[in-house]
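A.B. asks: Would you mind keeping the following structure in view while I ask a few things?
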Amino acid sequence: MPLVHMKDMLEHARREGYAVGAFDVVGLEFLEAVMAGVEQAGAPVIISLAESHFEHYDFELLMAAVEAAAKRSPVPAAIHLDHGASLASAIRAINLGANGVMVDASNLPLDGNIERTRAIVDMAHGCDVPVEGELGYVAGVEGEDAEKHPGEVIYTSVEDASAYVAATGVDFLAVSIGTVHGRLRTKPRLDFDRLAAINEALGIPLVIHGGTGLADDQFRRLIANGVTKINYYTALADRAADAIREQAGADPGAGYTRLLSGTRAAIRDEVVRCCELWGSAGRAAALLDHCRPWTPVEHTILYNVEGLDENGVEAMMREGRAVLSGIPGVRRVFTGDAVTEDAPYRHCWLVQFASAAVIDSYREHPAHQRFANERFRPHAGDRVSIDFAERARDERCEDAPNEGGQSASGAAPG
């Protein structure tokens, strides 16, 4: 099953009145448990990786596992960077496979938040990647993530939210109405009137950070007032920790793998509970009919070289790999040589784009234009360029492999 466009997913959730869980993962145990939970519930999922957790895992390695897990799952999935620190963070996440990003500038004054977020939106939309912004401030109280969100809660105002969305073009907005990061000491008093007014004024999917500890009736009211994405981590971490403590008490001599043996089931069960409560359970099949598959594009150039010896060709390829791999939306850069001497073209570039939208943004990017005009095209007049998208398949029906999506090809950049 292909990854799907996150914007399509959340717009469907908004129309149908449910919320999708954005579950932060911090390792393979978490990832496997989250996927087991959403698959058991038949629910769509946003697999979320928070930059504040990068100290616990290698982001590049876990992203590869997340993408593999999402692609082999029977439920629709999107991959999201949560609480990114900068434009560079967002570019790296997209280039590693994220198809949704959130760079948190909520600690800045409104003008600064708008300026930073607008830069993220301009870059990400060039890759067809939606952007979540945050306005107001969701502080931490206690628990594993609380210390990473110091300070006091700042509530989101309707006026600022309207100005922020208009100025930045964000696709989703995380709002502050009384939730906190980490654990809650008491049942929070959420400002549902404020949320209703924001929802009416904006008309876009809204996001709640700090979902742990809310009562069932509070979740239902959040969703009734436009919340379509709920970030959830602390409760999953607490369930896993409880399972480890229980195992350690029952078996004091347990080793590492035995101590972790109950964590997957504990996380899975909490994910299932959330999906059922938030209304996303059983939505997977219907959602797939409303979502575009997230399909990478292979930008392929076959060429012959004039005016360069083998050392010159290798130097050009090496420079190109370094330059082009840093352009937003470029997933991979491969350079190669023909295996046989009689091949009509001796060399190739295979540049994987995150989506078809990157064809245009890549072509116009200054780094690409400089390299192409100054280093590549003067020596590669004999060349052919074609862009290929993977043929979309509906895994639900083996007899109709082309149903449910379209492939695109032949859009060669100049």
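For the structure tokens, the naming scheme is as follows: chains receive sequential letters (A, B, ...) according to their order of presentation, residues are indexed from 1 within each chain, and ligands are indexed from 1 in presentation order.
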Which neighbours of segment 156-173 of chain A fall inside 10 Å, counting only C-alpha atoms, when residues of the same chain fewer than 3 positions from it are skipped, and could you give them as number ranges by chain?

C.D. replies: A: 6-7, 10-11, 100, 102, 110-111, 113-122, 125, 129-138, 153, 176-178, 194-208, 227-229

A.B. asks: Just list the residues in segment 33-132 of chain A DSSP gives alpha helix (DSSP H) on the backbone, as a ChimeraX atom specification.

C.D. replies: /A:33-41,59-72,87-96,110-125

A.B. asks: Just want the 12 Å neighbourhood of Ala88 of chain A, counted on only C-alpha atoms, with same-chain residues fewer than 6 positions away dropped. Output as a PyMOL selection string.

C.D. replies: chain A and resi 51+94-95+101+103+116+119-120+123-124+326-328

A.B. asks: Would you output that residue set with all heavy atoms, as a short mmCIF file (atom, residue, chain, number, x, y, z; two decimals), in the first residue's frame?

C.D. replies:
data_model
loop_
_atom_site.label_atom_id
_atom_site.label_comp_id
_atom_site.auth_asym_id
_atom_site.auth_seq_id
_atom_site.Cartn_x
_atom_site.Cartn_y
_atom_site.Cartn_z
N GLU A 51 11.93 16.03 16.51
CA GLU A 51 13.36 16.36 16.58
C GLU A 51 13.85 16.37 18.03
O GLU A 51 15.02 16.09 18.28
CB GLU A 51 13.64 17.69 15.90
CG GLU A 51 15.10 18.00 15.79
CD GLU A 51 15.45 19.02 14.72
OE1 GLU A 51 14.57 19.42 13.95
OE2 GLU A 51 16.63 19.41 14.66
N ILE A 94 12.30 15.91 4.67
CA ILE A 94 11.66 15.63 3.39
C ILE A 94 12.56 14.76 2.53
O ILE A 94 12.11 13.79 1.89
CB ILE A 94 11.30 16.94 2.68
CG1 ILE A 94 10.17 17.65 3.43
CG2 ILE A 94 10.88 16.68 1.23
CD1 ILE A 94 9.90 19.07 2.95
N ASN A 95 13.85 15.07 2.51
CA ASN A 95 14.78 14.29 1.69
C ASN A 95 14.96 12.87 2.20
O ASN A 95 15.37 11.99 1.45
CB ASN A 95 16.12 15.01 1.60
CG ASN A 95 16.06 16.26 0.74
OD1 ASN A 95 14.99 16.63 0.26
ND2 ASN A 95 17.18 16.91 0.54
N VAL A 101 5.58 18.19 7.46
CA VAL A 101 6.59 18.77 8.35
C VAL A 101 5.96 19.82 9.25
O VAL A 101 5.01 20.50 8.89
CB VAL A 101 7.78 19.40 7.59
CG1 VAL A 101 8.56 18.35 6.83
CG2 VAL A 101 7.32 20.51 6.66
N VAL A 103 7.75 22.79 11.71
CA VAL A 103 8.88 23.46 12.34
C VAL A 103 8.30 24.42 13.36
O VAL A 103 7.51 25.31 13.03
CB VAL A 103 9.76 24.19 11.31
CG1 VAL A 103 10.79 25.05 12.01
CG2 VAL A 103 10.43 23.19 10.39
N ARG A 116 9.51 32.81 9.84
CA ARG A 116 10.16 31.50 9.78
C ARG A 116 9.23 30.45 9.15
O ARG A 116 9.67 29.63 8.33
CB ARG A 116 10.57 31.04 11.18
CG ARG A 116 11.29 29.70 11.17
CD ARG A 116 11.83 29.32 12.53
NE ARG A 116 12.84 30.26 13.00
CZ ARG A 116 13.48 30.14 14.16
NH1 ARG A 116 13.20 29.12 14.98
NH2 ARG A 116 14.39 31.03 14.52
N ALA A 119 8.94 30.70 5.30
CA ALA A 119 10.07 30.11 4.58
C ALA A 119 9.93 28.59 4.48
O ALA A 119 10.24 27.99 3.44
CB ALA A 119 11.38 30.46 5.29
N ILE A 120 9.43 27.96 5.54
CA ILE A 120 9.20 26.52 5.52
C ILE A 120 8.13 26.18 4.50
O ILE A 120 8.27 25.23 3.71
CB ILE A 120 8.79 26.01 6.92
CG1 ILE A 120 9.81 26.39 7.98
CG2 ILE A 120 8.53 24.51 6.88
CD1 ILE A 120 11.16 25.79 7.79
N MET A 123 9.32 26.40 0.84
CA MET A 123 10.16 25.26 0.47
C MET A 123 9.34 23.99 0.35
O MET A 123 9.40 23.26 -0.65
CB MET A 123 11.26 25.08 1.52
CG MET A 123 12.19 23.88 1.30
SD MET A 123 11.53 22.26 1.84
CE MET A 123 11.36 22.54 3.61
N ALA A 124 8.54 23.69 1.38
CA ALA A 124 7.83 22.41 1.42
C ALA A 124 6.76 22.31 0.35
O ALA A 124 6.58 21.25 -0.26
CB ALA A 124 7.21 22.20 2.81
N GLY A 326 21.44 18.16 -1.75
CA GLY A 326 20.98 19.12 -0.76
C GLY A 326 19.77 19.91 -1.18
O GLY A 326 19.25 20.71 -0.40
N ILE A 327 19.26 19.71 -2.40
CA ILE A 327 18.09 20.44 -2.88
C ILE A 327 16.84 19.84 -2.26
O ILE A 327 16.68 18.62 -2.20
CB ILE A 327 18.03 20.38 -4.42
CG1 ILE A 327 19.23 21.13 -5.01
CG2 ILE A 327 16.72 20.97 -4.95
CD1 ILE A 327 19.32 21.03 -6.52
N PRO A 328 15.91 20.67 -1.78
CA PRO A 328 14.69 20.13 -1.16
C PRO A 328 13.95 19.17 -2.09
O PRO A 328 13.73 19.47 -3.27
CB PRO A 328 13.86 21.38 -0.88
CG PRO A 328 14.87 22.47 -0.70
CD PRO A 328 15.96 22.14 -1.68
#

A.B. asks: I need the residues in segment 23-218 of chain A that are strand (DSSP E) according to DSSP; give them as JSON, numbers by chain.

C.D. replies: {"A": [23, 24, 45, 46, 47, 48, 49, 50, 77, 78, 79, 80, 81, 82, 83, 84, 100, 101, 102, 103, 131, 132, 133, 134, 135, 172, 173, 174, 175, 206, 207, 208]}

A.B. asks: Restricting it to C-alpha atoms, dump the selection as a short mmCIF file (atom, residue, chain, number, x, y, z; two decimals), in the first residue's frame.

C.D. replies:
data_model
loop_
_atom_site.label_atom_id
_atom_site.label_comp_id
_atom_site.auth_asym_id
_atom_site.auth_seq_id
_atom_site.Cartn_x
_atom_site.Cartn_y
_atom_site.Cartn_z
CA PHE A 23 2.00 8.75 17.22
CA ASP A 24 5.61 9.65 17.99
CA VAL A 45 -1.93 6.75 10.88
CA ILE A 46 0.58 9.57 10.94
CA ILE A 47 3.96 8.19 12.01
CA SER A 48 5.61 11.09 13.77
CA LEU A 49 9.28 11.68 14.53
CA ALA A 50 10.03 14.58 16.87
CA ALA A 77 0.01 6.23 6.40
CA ALA A 78 1.87 9.51 6.30
CA ILE A 79 5.28 10.36 7.81
CA HIS A 80 5.65 13.60 9.75
CA LEU A 81 8.52 15.64 11.20
CA ASP A 82 7.32 16.92 14.58
CA HIS A 83 8.74 20.01 16.28
CA GLY A 84 11.52 20.56 13.76
CA GLY A 100 4.51 16.33 6.27
CA VAL A 101 6.59 18.77 8.35
CA MET A 102 6.17 20.98 11.39
CA VAL A 103 8.88 23.46 12.34
CA VAL A 131 3.12 22.17 6.63
CA GLU A 132 1.79 22.32 10.17
CA GLY A 133 2.28 25.57 12.02
CA GLU A 134 1.85 26.30 15.70
CA LEU A 135 0.50 29.46 17.27
CA PHE A 172 -2.80 22.74 9.41
CA LEU A 173 -2.58 24.70 12.64
CA ALA A 174 -1.61 23.42 16.09
CA VAL A 175 -3.48 25.47 18.68
CA LEU A 206 -6.58 21.78 13.51
CA VAL A 207 -4.00 19.94 15.61
CA ILE A 208 -3.73 19.26 19.33
#

A.B. asks: With only C-alpha atoms as the counted atoms, please give the residues lying no more than 12 Å from Ala322 of chain A, apart from itself and same-chain residues fewer than 3 positions off, as a VMD selection string.

C.D. replies: chain A and resid 315 to 319 325 to 327 330 332 to 335 367 to 368 371
